[in-house]
Structure formats: C-alpha cells, structure tokens
Amino acid sequence: MILIKLGGSVITDKSQFKKFDNERAKRLCREIAESGKPVIIVHGAGSFGHVLAKKYSIQNGLVNRDQIPAAAQVHHDAMELGLLMTQTLINSGIPAASVAPGSCFVMEDGRIVPDNLEAIKSLYDMGIMPVTFGDVVMDRVNGFGIVSGDQMMEIMADIYKPERVIFVSDIDGLYTANPKTNPDAELIPEFDTETLKDVSSESNVDDVTGGVRGKMEAMLRICDEGRDCVLVNGTVPGRLLSLLRGEDVVCTVARM
C-alpha cells in the first residue's frame, strides 16, 4: 500500500479563501485510479483551513472565548474540503470515506494521540479508502489545537505500514532556496538530516502547521531502511501517475 499526501497547495488555491481546485483534484484522483495501486490519502486543509486558523491563532490552543466560533468554522470548512475530495475520488471509481481526525484522535499538549482506531481500520479492511486531513482536534491540555496533514501522515504511516510514502506538492521537490522567488534555487534530489540543516524554509502563503521545514522533518521521521519518502510536483500532469508506476520522475527523496 502507498500512503499519499495531497497538499493543500495542489488541491486548493492557498491565496484565496476556500478555493477548491476542482480540475486539478480530478486529474490527481484519475492518476491514482489509473495506477491501480492500493493507496490511502491524507490531504492538507489549504485555503479551507489556514486563513482563519492563523487569524485566530487556533494552533496555539484555547486562549479566549472569541476563538471558539472560529475553531468551529475551521473544522466545518476542513470537513467541507474532505467531502469535496471524497466525492472526487468516488467519481474517479475509488470508494472513499472522509474521516475527521477528531473522530479517531485527540491531542495532548500539541501531540496527537490515538483514541479509537477501530472505525478507520475497518474502512480500509473492507475496501473503502479512509481519507483524512488537517483539522481542529480537541486537546486535553490546551482545549483544542491544529493537527496538520503532515502529522496525520506520520500517524497513518505508523498505523498502516505503507511500502512507500508520497507527498504531493506544487514544487518539483526540495530546493536550496524558495524556487518561486529565487531563480538560483537548485533541486536537491535526495536529502537527510544533515542536508536539511542548510535548506531555507521560506514560505509565501499562510501556513500554521510548520511549512516546508516541517514537511521535510516529517518525511525524515516517516522514512526507514525499507521505505522511502518522496516529494513530487502534482501540478505537472502525469507525474504522480508515473511515480506510482515506478518510473523515474523529477522529485526529492528522503533517506535515513
């Protein structure tokens, strides 16, 4: 089984509030279906989550009562995106069900903790793809917090033990600097912990869940001697399909 993270940057326009990229999402789902590979999908919240979450500092926990309506709205919007994604998968021929992280996990002082995994495990066992995402989750210490899609990737990798993990973003891979603003940025085909120390973590959009550096650190924690972790550009048609087929593509691979 292959675990795939569809980043918020590829399924939404992160510069516009709640802007779902329907055409790109449809193409990516078609590529996954066409590959014939068994997969599980996690997706980012993109513009459905980060804008309000940042404005009201939801990631910092419950500080004042004014945050409560915003936390509820962020959760609602993340659920809305989850339903859009599962409908797109179903239309592509993949049985899928959206699973809110708060139905299976809680947080404890910012750390995600499994609470009831029976339902999410049963979905996959019967042939329905569980699709989960970045969302607001209740925190035993802080009231609530944000669990990112990258954090969900880590815990889903621990639950399902995938043979390969793929992060789909809007860049070709990891660069020495932000390739969107620096023409001299160079692609790094492979990286490890030492490489990451020298890499810029610039970001041009609102992101309350760690940005580029957080993603790279999550990839390093997920990969092991028997499993690589790949960052690939989902804005290029056919690239995800080629990667799923085992073909060589432009990407960055995390190594231990």
# chains A, B, ... in the order shown; residues from 1 in each chain; ligands from 1
>>> select_by_dssp(residues="region 8-47 of chain A", states="strand (DSSP E or B)", output="ChimeraX atom specification")
/A:12,20,39-43
>>> write_last_selection(atoms="C-alpha atoms", output="short mmCIF file (atom, residue, chain, number, x, y, z; two decimals), in the first residue's frame")
data_model
loop_
_atom_site.label_atom_id
_atom_site.label_comp_id
_atom_site.auth_asym_id
_atom_site.auth_seq_id
_atom_site.Cartn_x
_atom_site.Cartn_y
_atom_site.Cartn_z
CA THR A 12 -6.75 24.48 -3.29
CA PHE A 20 -11.03 24.31 -4.30
CA VAL A 39 -3.49 3.76 -1.61
CA ILE A 40 -4.61 5.77 1.39
CA ILE A 41 -4.93 9.53 1.07
CA VAL A 42 -4.33 12.33 3.53
CA HIS A 43 -4.88 15.90 2.34
#
>>> select_by_dssp(residues="region 168-238 of chain A", states="helix (DSSP H, G or I)", output="PyMOL selection string")
chain A and resi 193-196+211-222
>>> write_last_selection(atoms="C-alpha atoms", output="tab-separated table (two decimals), in the first residue's frame")
chain	number	residue	atom	x	y	z
A	193	THR	CA	19.02	15.29	8.39
A	194	GLU	CA	22.33	16.96	7.63
A	195	THR	CA	21.10	18.28	4.28
A	196	LEU	CA	18.04	19.81	5.91
A	211	GLY	CA	5.60	24.98	6.39
A	212	VAL	CA	8.31	23.48	4.21
A	213	ARG	CA	10.74	22.61	7.02
A	214	GLY	CA	8.02	20.85	9.00
A	215	LYS	CA	7.16	18.76	5.93
A	216	MET	CA	10.78	17.74	5.41
A	217	GLU	CA	11.19	16.81	9.07
A	218	ALA	CA	8.01	14.71	8.89
A	219	MET	CA	9.35	12.94	5.78
A	220	LEU	CA	12.57	12.05	7.59
A	221	ARG	CA	10.65	10.64	10.53
A	222	ILE	CA	8.48	8.52	8.23
>>> residues_around(residues="Ile146 (chain A)", least_positions_apart="5", cutoff="12 Å", atoms="only C-alpha atoms", output="PyMOL selection string")
chain A and resi 44-45+49-50+52-54+56-62+71-72+74-75+78+101-102+105-112+133-139+151-152+207-210
>>> write_last_selection(atoms="N, CA and C atoms", output="short mmCIF file (atom, residue, chain, number, x, y, z; two decimals), in the first residue's frame")
data_model
loop_
_atom_site.label_atom_id
_atom_site.label_comp_id
_atom_site.auth_asym_id
_atom_site.auth_seq_id
_atom_site.Cartn_x
_atom_site.Cartn_y
_atom_site.Cartn_z
N GLY A 44 -4.13 18.12 2.80
CA GLY A 44 -3.99 19.33 3.58
C GLY A 44 -5.28 20.13 3.55
N ALA A 45 -5.37 21.11 4.44
CA ALA A 45 -6.56 21.95 4.51
C ALA A 45 -6.48 23.14 3.56
N GLY A 49 -8.49 26.03 5.59
CA GLY A 49 -8.15 25.96 7.00
C GLY A 49 -7.18 27.01 7.49
N HIS A 50 -6.14 27.28 6.71
CA HIS A 50 -5.04 28.09 7.22
C HIS A 50 -5.39 29.56 7.47
N LEU A 52 -8.30 31.27 8.42
CA LEU A 52 -8.97 31.55 9.70
C LEU A 52 -8.16 31.04 10.89
N ALA A 53 -7.51 29.89 10.72
CA ALA A 53 -6.73 29.34 11.83
C ALA A 53 -5.61 30.29 12.23
N LYS A 54 -4.97 30.90 11.24
CA LYS A 54 -3.90 31.84 11.55
C LYS A 54 -4.46 33.12 12.16
N TYR A 56 -7.01 33.61 14.01
CA TYR A 56 -7.46 33.45 15.40
C TYR A 56 -6.51 32.59 16.24
N SER A 57 -5.32 32.29 15.70
CA SER A 57 -4.29 31.54 16.44
C SER A 57 -4.83 30.24 17.02
N ILE A 58 -5.59 29.52 16.22
CA ILE A 58 -6.18 28.27 16.69
C ILE A 58 -5.10 27.26 17.06
N GLN A 59 -3.96 27.32 16.37
CA GLN A 59 -2.87 26.38 16.63
C GLN A 59 -2.27 26.55 18.03
N ASN A 60 -2.52 27.69 18.67
CA ASN A 60 -1.96 27.94 20.00
C ASN A 60 -2.87 27.47 21.12
N GLY A 61 -4.01 26.89 20.79
CA GLY A 61 -4.93 26.41 21.80
C GLY A 61 -5.93 27.47 22.22
N LEU A 62 -6.81 27.10 23.14
CA LEU A 62 -7.86 27.99 23.61
C LEU A 62 -7.28 29.02 24.58
N ALA A 71 -12.83 28.37 15.67
CA ALA A 71 -12.43 26.96 15.69
C ALA A 71 -13.52 26.09 15.08
N ALA A 72 -14.76 26.38 15.42
CA ALA A 72 -15.88 25.63 14.85
C ALA A 72 -15.94 25.80 13.34
N VAL A 74 -13.42 26.65 11.27
CA VAL A 74 -12.28 25.97 10.63
C VAL A 74 -12.57 24.48 10.50
N HIS A 75 -13.11 23.87 11.55
CA HIS A 75 -13.46 22.45 11.48
C HIS A 75 -14.51 22.19 10.40
N ALA A 78 -12.83 22.48 6.98
CA ALA A 78 -11.98 21.33 6.69
C ALA A 78 -12.82 20.11 6.32
N PRO A 101 -10.10 13.77 11.74
CA PRO A 101 -9.13 13.30 12.74
C PRO A 101 -9.71 13.24 14.16
N GLY A 102 -10.60 14.20 14.48
CA GLY A 102 -11.17 14.23 15.82
C GLY A 102 -12.05 13.04 16.15
N PHE A 105 -8.75 10.53 16.98
CA PHE A 105 -7.58 11.00 17.71
C PHE A 105 -7.95 12.19 18.61
N VAL A 106 -7.17 12.36 19.65
CA VAL A 106 -7.20 13.58 20.45
C VAL A 106 -5.77 14.11 20.46
N MET A 107 -5.59 15.28 21.05
CA MET A 107 -4.24 15.81 21.24
C MET A 107 -3.98 15.98 22.73
N GLU A 108 -2.73 15.91 23.09
CA GLU A 108 -2.32 16.14 24.47
C GLU A 108 -1.12 17.07 24.46
N ASP A 109 -1.39 18.34 24.76
CA ASP A 109 -0.36 19.38 24.74
C ASP A 109 0.33 19.43 23.38
N GLY A 110 -0.48 19.40 22.31
CA GLY A 110 0.03 19.52 20.96
C GLY A 110 0.46 18.23 20.30
N ARG A 111 0.45 17.13 21.03
CA ARG A 111 0.86 15.84 20.48
C ARG A 111 -0.37 15.01 20.19
N ILE A 112 -0.45 14.44 18.97
CA ILE A 112 -1.62 13.66 18.58
C ILE A 112 -1.57 12.28 19.22
N PHE A 133 -7.37 14.31 7.06
CA PHE A 133 -6.89 15.64 6.65
C PHE A 133 -6.48 16.48 7.86
N GLY A 134 -5.84 17.60 7.59
CA GLY A 134 -5.53 18.55 8.64
C GLY A 134 -6.81 19.18 9.18
N ASP A 135 -6.89 19.36 10.52
CA ASP A 135 -8.15 19.80 11.10
C ASP A 135 -7.94 20.30 12.53
N VAL A 136 -9.00 20.88 13.09
CA VAL A 136 -9.03 21.21 14.50
C VAL A 136 -9.35 19.94 15.29
N VAL A 137 -8.56 19.67 16.33
CA VAL A 137 -8.76 18.49 17.15
C VAL A 137 -8.74 18.92 18.62
N MET A 138 -9.56 18.29 19.43
CA MET A 138 -9.59 18.62 20.85
C MET A 138 -8.27 18.23 21.53
N ASP A 139 -7.80 19.10 22.41
CA ASP A 139 -6.54 18.89 23.13
C ASP A 139 -6.83 18.82 24.62
N GLN A 151 1.32 15.78 10.07
CA GLN A 151 1.23 14.99 11.29
C GLN A 151 0.36 13.76 11.07
N MET A 152 -0.74 13.93 10.33
CA MET A 152 -1.60 12.80 10.03
C MET A 152 -0.87 11.76 9.19
N ASP A 207 0.57 29.54 6.58
CA ASP A 207 0.66 28.13 6.96
C ASP A 207 0.94 28.06 8.45
N VAL A 208 -0.01 27.50 9.18
CA VAL A 208 0.11 27.45 10.64
C VAL A 208 0.59 26.07 11.11
N THR A 209 1.07 25.24 10.19
CA THR A 209 1.40 23.87 10.55
C THR A 209 2.84 23.49 10.24
N GLY A 210 3.73 24.47 10.16
CA GLY A 210 5.14 24.12 10.06
C GLY A 210 5.80 24.41 8.73
#
>>> residues_around(residues="Met256 (chain A)", least_positions_apart="5", cutoff="7 Å", atoms="only C-alpha atoms", output="list in words")
Asp192, Leu220, Cys223, Asp224 and Glu225 of chain A
>>> residues_around(residues="Asp77 (chain A)", least_positions_apart="4", cutoff="8 Å", atoms="only C-alpha atoms", output="list in words")
Lys18, Phe48, Gly49, Gln73 and Leu81 of chain A
>>> write_last_selection(atoms="C-alpha atoms", output="PDB file, in the first residue's frame")
ATOM      1  CA  LYS A  18     -11.925  28.321   0.391  1.00  0.00           C
ATOM      2  CA  PHE A  48     -10.078  25.956   3.724  1.00  0.00           C
ATOM      3  CA  GLY A  49      -8.146  25.960   6.996  1.00  0.00           C
ATOM      4  CA  GLN A  73     -15.769  27.292  11.428  1.00  0.00           C
ATOM      5  CA  LEU A  81     -12.966  20.111   1.761  1.00  0.00           C
TER       6      LEU A  81
END
>>> residues_around(residues="Leu84 (chain A)", least_positions_apart="5", cutoff="10 Å", atoms="only C-alpha atoms", output="ChimeraX atom specification")
/A:20,22,25,78-79,89,98
>>> write_last_selection(atoms="N, CA and C atoms", output="mmCIF file, in the first residue's frame")
data_model
loop_
_atom_site.group_PDB
_atom_site.id
_atom_site.type_symbol
_atom_site.label_atom_id
_atom_site.label_comp_id
_atom_site.auth_asym_id
_atom_site.auth_seq_id
_atom_site.Cartn_x
_atom_site.Cartn_y
_atom_site.Cartn_z
ATOM 1 N N PHE A 20 -11.358 25.686 -3.933
ATOM 2 C CA PHE A 20 -11.029 24.313 -4.297
ATOM 3 C C PHE A 20 -10.641 24.251 -5.759
ATOM 4 N N ASN A 22 -10.870 22.219 -8.448
ATOM 5 C CA ASN A 22 -11.622 21.042 -8.846
ATOM 6 C C ASN A 22 -10.948 20.269 -9.986
ATOM 7 N N ALA A 25 -7.722 18.516 -8.768
ATOM 8 C CA ALA A 25 -8.073 17.410 -7.882
ATOM 9 C C ALA A 25 -8.605 16.224 -8.686
ATOM 10 N N ALA A 78 -12.828 22.482 6.981
ATOM 11 C CA ALA A 78 -11.978 21.333 6.694
ATOM 12 C C ALA A 78 -12.824 20.115 6.318
ATOM 13 N N MET A 79 -13.954 19.940 7.008
ATOM 14 C CA MET A 79 -14.870 18.851 6.667
ATOM 15 C C MET A 79 -15.434 19.037 5.260
ATOM 16 N N LEU A 89 -12.877 11.443 -5.524
ATOM 17 C CA LEU A 89 -12.344 10.087 -5.583
ATOM 18 C C LEU A 89 -13.419 9.090 -6.021
ATOM 19 N N SER A 98 -14.591 10.164 4.003
ATOM 20 C CA SER A 98 -13.868 11.202 4.725
ATOM 21 C C SER A 98 -13.936 10.920 6.231
#
>>> residues_around(residues="Gly173 (chain A)", least_positions_apart="2", cutoff="7 Å", atoms="only C-alpha atoms", output="ChimeraX atom specification")
/A:171,175,187,231-233,251-252
>>> atom_distance(atom1="CA of Arg239 (chain A)", atom2="CA of Asp172 (chain A)")
9.9 Å
>>> closest_residue(among="A:Leu174, A:Ala100, A:Ile68, A:Val63", to="Val253 (chain A)", atoms="only C-alpha atoms")
A:Leu174
